[in-house]
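Novice: One structure follows; several queries about it will come next.
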Amino acid sequence: MWEPNFTSAGIDRPLDILAIAAHPDDVEQTCGGTLIRMAEAGYRTGVLDLTAGDMGTRGTPQLRIEESEQAGREMLLAWRGNMRWPDARLENTLTARMTLAGELRILRPRTVILPYWAGRHPDHYRASEIGSEACFLAGLAKLDDQTEPHRPFKILYSSLYANVTPSFVVDISSQFDRRMAALLTYKSQYGDVAEGSDLFPPQTEIRERLSAIARFYGNLIGVKYGEPFVVKEAMRVDDIVAMPVRSI
Ligand SMILES: [Zn+2]
């Protein structure tokens, strides 16, 4: 598996949080602010992109991987990798699930962030499905004899582009600018260039759009910018007096 230069030694200790995404630049749009906030809090964060975006109108896979490496530094990641699986053709095969489970047993994250399980782009919901099944498989003792079993404790689904009520929203007001800077390192995608300009909005439009979405979710919890997540389990509350979001 390809590893960027800034983690040339590979992984030496477990990650606290791993976000798995279909394409480079997905996490920068959906959960990058949360990853930055967690890194600032001292957690070891990582991103594993499943494809290098080779079907994209703009840029080349190598260029997008280089840009993702730079974006990873901007997001304060401890690690970023890319599986280089075929873009726009992700399939939930036994090989895919087993390979990803093997990666999870090496990276050993406690929390995994996956894309929401429904959406327009097949790669996004397949990445979600492959990811959640791999999390389960990674915990099987007899999966392989090279790596120790490891089942992530928690799976969060990043629901920014899904029209669903989030289970919770993370306040990313202080991380929003850094997240935007990370996204704009993908100059091949977001630079104001002519190629594909009928498909890609100009940079000012991207800023405005992402800011509006983050403001919408922030507003749900009474802060400026937010990122939404869905969990399949109930959320536990120990102190109902200290609950921070004002009722409407
Ligand atoms: Zn994507």
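Going by the structure tokens order, chains are called A, B, ..., each with residues numbered from 1, while ligands are numbered from 1 in the order shown.
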At a cut-off of 6 Å and counting only C-alpha atoms and all ligand atoms, what residues surround ligand 1? Please answer as an mmCIF file with all heavy atoms, in the first residue's frame.

Specialist:
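Saved file pocket-v4.cif follows:
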```cif
data_model
loop_
_atom_site.group_PDB
_atom_site.id
_atom_site.type_symbol
_atom_site.label_atom_id
_atom_site.label_comp_id
_atom_site.auth_asym_id
_atom_site.auth_seq_id
_atom_site.Cartn_x
_atom_site.Cartn_y
_atom_site.Cartn_z
ATOM 1 N N ALA A 22 -13.872 7.284 0.176
ATOM 2 C CA ALA A 22 -13.745 6.755 -1.183
ATOM 3 C C ALA A 22 -12.675 7.496 -1.982
ATOM 4 O O ALA A 22 -11.863 6.875 -2.673
ATOM 5 C CB ALA A 22 -15.092 6.844 -1.905
ATOM 6 N N HIS A 23 -12.676 8.823 -1.868
ATOM 7 C CA HIS A 23 -11.791 9.626 -2.733
ATOM 8 C C HIS A 23 -10.954 10.605 -1.919
ATOM 9 O O HIS A 23 -11.431 11.123 -0.909
ATOM 10 C CB HIS A 23 -12.629 10.447 -3.729
ATOM 11 C CG HIS A 23 -13.712 9.644 -4.385
ATOM 12 N ND1 HIS A 23 -15.043 9.802 -4.098
ATOM 13 C CD2 HIS A 23 -13.627 8.648 -5.292
ATOM 14 C CE1 HIS A 23 -15.760 8.934 -4.812
ATOM 15 N NE2 HIS A 23 -14.922 8.216 -5.542
ATOM 16 N N ASP A 26 -12.511 13.790 0.025
ATOM 17 C CA ASP A 26 -13.823 13.547 0.660
ATOM 18 C C ASP A 26 -13.803 13.991 2.129
ATOM 19 O O ASP A 26 -14.691 14.715 2.571
ATOM 20 C CB ASP A 26 -14.208 12.054 0.624
ATOM 21 C CG ASP A 26 -14.732 11.621 -0.745
ATOM 22 O OD1 ASP A 26 -14.877 12.474 -1.636
ATOM 23 O OD2 ASP A 26 -15.002 10.411 -0.908
#
```

Novice: Residues at most 10 Å from A:Gly33, counting only C-alpha atoms, excluding those fewer than 5 positions away in the same chain, as an MDAnalysis selection string?

Specialist: chainID A and resid 27:28 38:39 75 170:180 182 214 225:227

Novice: Kindly export the residues of the current selection with N, CA, C and O atoms, as a short mmCIF file (atom, residue, chain, number, x, y, z; two decimals), in the first residue's frame.

Specialist:
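And here's out-v6.cif as it stands now:
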```
data_model
loop_
_atom_site.label_atom_id
_atom_site.label_comp_id
_atom_site.auth_asym_id
_atom_site.auth_seq_id
_atom_site.Cartn_x
_atom_site.Cartn_y
_atom_site.Cartn_z
N VAL A 27 -12.80 13.54 2.88
CA VAL A 27 -12.80 13.88 4.32
C VAL A 27 -12.64 15.38 4.54
O VAL A 27 -13.17 15.93 5.50
N GLU A 28 -11.92 16.04 3.59
CA GLU A 28 -11.74 17.49 3.73
C GLU A 28 -13.08 18.22 3.66
O GLU A 28 -13.21 19.34 4.14
N MET A 38 -9.68 16.93 16.84
CA MET A 38 -9.20 15.80 17.63
C MET A 38 -7.66 15.76 17.68
O MET A 38 -7.07 15.44 18.71
N ALA A 39 -7.02 16.11 16.56
CA ALA A 39 -5.55 16.17 16.56
C ALA A 39 -5.07 17.27 17.51
O ALA A 39 -4.10 17.08 18.25
N MET A 75 -4.29 19.08 7.91
CA MET A 75 -5.27 18.57 8.88
C MET A 75 -4.60 17.92 10.11
O MET A 75 -5.28 17.31 10.92
N VAL A 170 -20.38 18.07 15.71
CA VAL A 170 -19.13 18.54 16.35
C VAL A 170 -18.93 20.01 16.00
O VAL A 170 -19.02 20.39 14.83
N ASP A 171 -18.66 20.80 16.99
CA ASP A 171 -18.36 22.22 16.80
C ASP A 171 -16.97 22.36 16.16
O ASP A 171 -15.97 22.02 16.78
N ILE A 172 -16.94 22.84 14.91
CA ILE A 172 -15.64 23.02 14.23
C ILE A 172 -15.39 24.50 13.93
O ILE A 172 -14.65 24.83 13.01
N SER A 173 -16.01 25.37 14.71
CA SER A 173 -15.86 26.81 14.46
C SER A 173 -14.39 27.23 14.38
O SER A 173 -14.00 28.03 13.54
N SER A 174 -13.56 26.69 15.29
CA SER A 174 -12.14 27.08 15.31
C SER A 174 -11.31 26.30 14.30
O SER A 174 -10.13 26.60 14.12
N GLN A 175 -11.90 25.30 13.69
CA GLN A 175 -11.14 24.47 12.75
C GLN A 175 -11.55 24.70 11.30
O GLN A 175 -10.95 24.17 10.37
N PHE A 176 -12.60 25.49 11.10
CA PHE A 176 -13.18 25.62 9.76
C PHE A 176 -12.16 26.18 8.74
O PHE A 176 -12.04 25.67 7.63
N ASP A 177 -11.42 27.20 9.12
CA ASP A 177 -10.47 27.81 8.18
C ASP A 177 -9.37 26.84 7.78
O ASP A 177 -8.99 26.78 6.61
N ARG A 178 -8.91 26.07 8.74
CA ARG A 178 -7.86 25.09 8.45
C ARG A 178 -8.41 23.99 7.54
O ARG A 178 -7.74 23.51 6.64
N ARG A 179 -9.64 23.61 7.79
CA ARG A 179 -10.27 22.60 6.93
C ARG A 179 -10.40 23.12 5.50
O ARG A 179 -10.14 22.40 4.53
N MET A 180 -10.79 24.36 5.36
CA MET A 180 -10.92 24.96 4.03
C MET A 180 -9.56 25.02 3.33
O MET A 180 -9.45 24.71 2.14
N ALA A 182 -7.13 22.99 3.82
CA ALA A 182 -6.80 21.61 3.44
C ALA A 182 -7.48 21.25 2.13
O ALA A 182 -6.87 20.68 1.22
N ALA A 214 -21.67 24.22 6.62
CA ALA A 214 -21.12 24.15 7.99
C ALA A 214 -21.90 25.06 8.94
O ALA A 214 -22.10 24.75 10.12
N TYR A 225 -19.86 26.96 13.16
CA TYR A 225 -19.67 25.91 12.15
C TYR A 225 -19.73 24.54 12.79
O TYR A 225 -19.16 24.33 13.88
N GLY A 226 -20.36 23.58 12.12
CA GLY A 226 -20.44 22.23 12.66
C GLY A 226 -20.32 21.16 11.59
O GLY A 226 -20.52 21.42 10.40
N GLU A 227 -19.99 19.95 12.05
CA GLU A 227 -19.96 18.77 11.17
C GLU A 227 -20.85 17.70 11.79
O GLU A 227 -20.70 17.36 12.96
#
```

Novice: Counting only C-alpha atoms, what is within 10 Å of A:Phe216, bar same-chain residues fewer than 5 positions away, as number ranges by chain?

Specialist: A: 210-211, 221-228

Novice: Take the residues just selected and output them with N, CA, C and O atoms as a compact mmCIF listing (two decimals), in the first residue's frame.

Specialist:
```txt
# COMPACT_ATOMS: atom_id res chain seq x y z
N LEU A 210 -19.51 25.56 1.10
CA LEU A 210 -19.09 24.77 2.27
C LEU A 210 -19.32 25.53 3.57
O LEU A 210 -19.66 24.94 4.60
N SER A 211 -19.17 26.84 3.49
CA SER A 211 -19.42 27.65 4.66
C SER A 211 -20.91 27.62 5.02
O SER A 211 -21.29 27.48 6.19
N ILE A 221 -26.57 23.25 16.74
CA ILE A 221 -26.06 23.11 18.11
C ILE A 221 -25.68 24.46 18.72
O ILE A 221 -25.01 24.52 19.75
N GLY A 222 -26.07 25.53 18.07
CA GLY A 222 -25.82 26.86 18.63
C GLY A 222 -24.39 27.36 18.53
O GLY A 222 -23.94 28.14 19.36
N VAL A 223 -23.66 26.91 17.49
CA VAL A 223 -22.30 27.41 17.27
C VAL A 223 -22.20 27.88 15.81
O VAL A 223 -23.16 27.73 15.05
N LYS A 224 -21.03 28.43 15.44
CA LYS A 224 -20.93 28.96 14.08
C LYS A 224 -20.87 27.86 13.02
O LYS A 224 -21.67 27.82 12.10
N TYR A 225 -19.86 26.96 13.16
CA TYR A 225 -19.67 25.91 12.15
C TYR A 225 -19.73 24.54 12.79
O TYR A 225 -19.16 24.33 13.88
N GLY A 226 -20.36 23.58 12.12
CA GLY A 226 -20.44 22.23 12.66
C GLY A 226 -20.32 21.16 11.59
O GLY A 226 -20.52 21.42 10.40
N GLU A 227 -19.99 19.95 12.05
CA GLU A 227 -19.96 18.77 11.17
C GLU A 227 -20.85 17.70 11.79
O GLU A 227 -20.70 17.36 12.96
N PRO A 228 -21.77 17.13 10.99
CA PRO A 228 -22.74 16.17 11.52
C PRO A 228 -22.30 14.71 11.39
O PRO A 228 -21.60 14.34 10.44
```

Novice: Expressed in Å to a single decimal, how great is the separation between atom CA of A:Arg105 and atom CA of A:Phe229?

Specialist: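 Straight-line distance from atom CA of A:Arg105 to atom CA of A:Phe229 works out to 24.1 Å.
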
Novice: Report as a list of chain:residue names all protein, DNA and RNA residues lying within 12 Å of A:Gln62, evaluated on only C-alpha atoms, omitting residues in the same chain fewer than 6 positions from it.

Specialist: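 That gives A:Trp2, A:Pro4, A:Pro24, A:Thr51, A:Ala52, A:Gly53, A:Asp54, A:Ser68, A:Glu69, A:Asn82, A:Arg84, A:Tyr186, A:Ser188.
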
Novice: For each of A:Leu94, A:Ala88, A:Leu50, A:Leu100, take the minimum atom-to-atom distance to A:Ala138, counting only C-alpha atoms, then give the residue where this is smallest.

Specialist: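 Result for the nearest residue to A:Ala138: A:Leu100.
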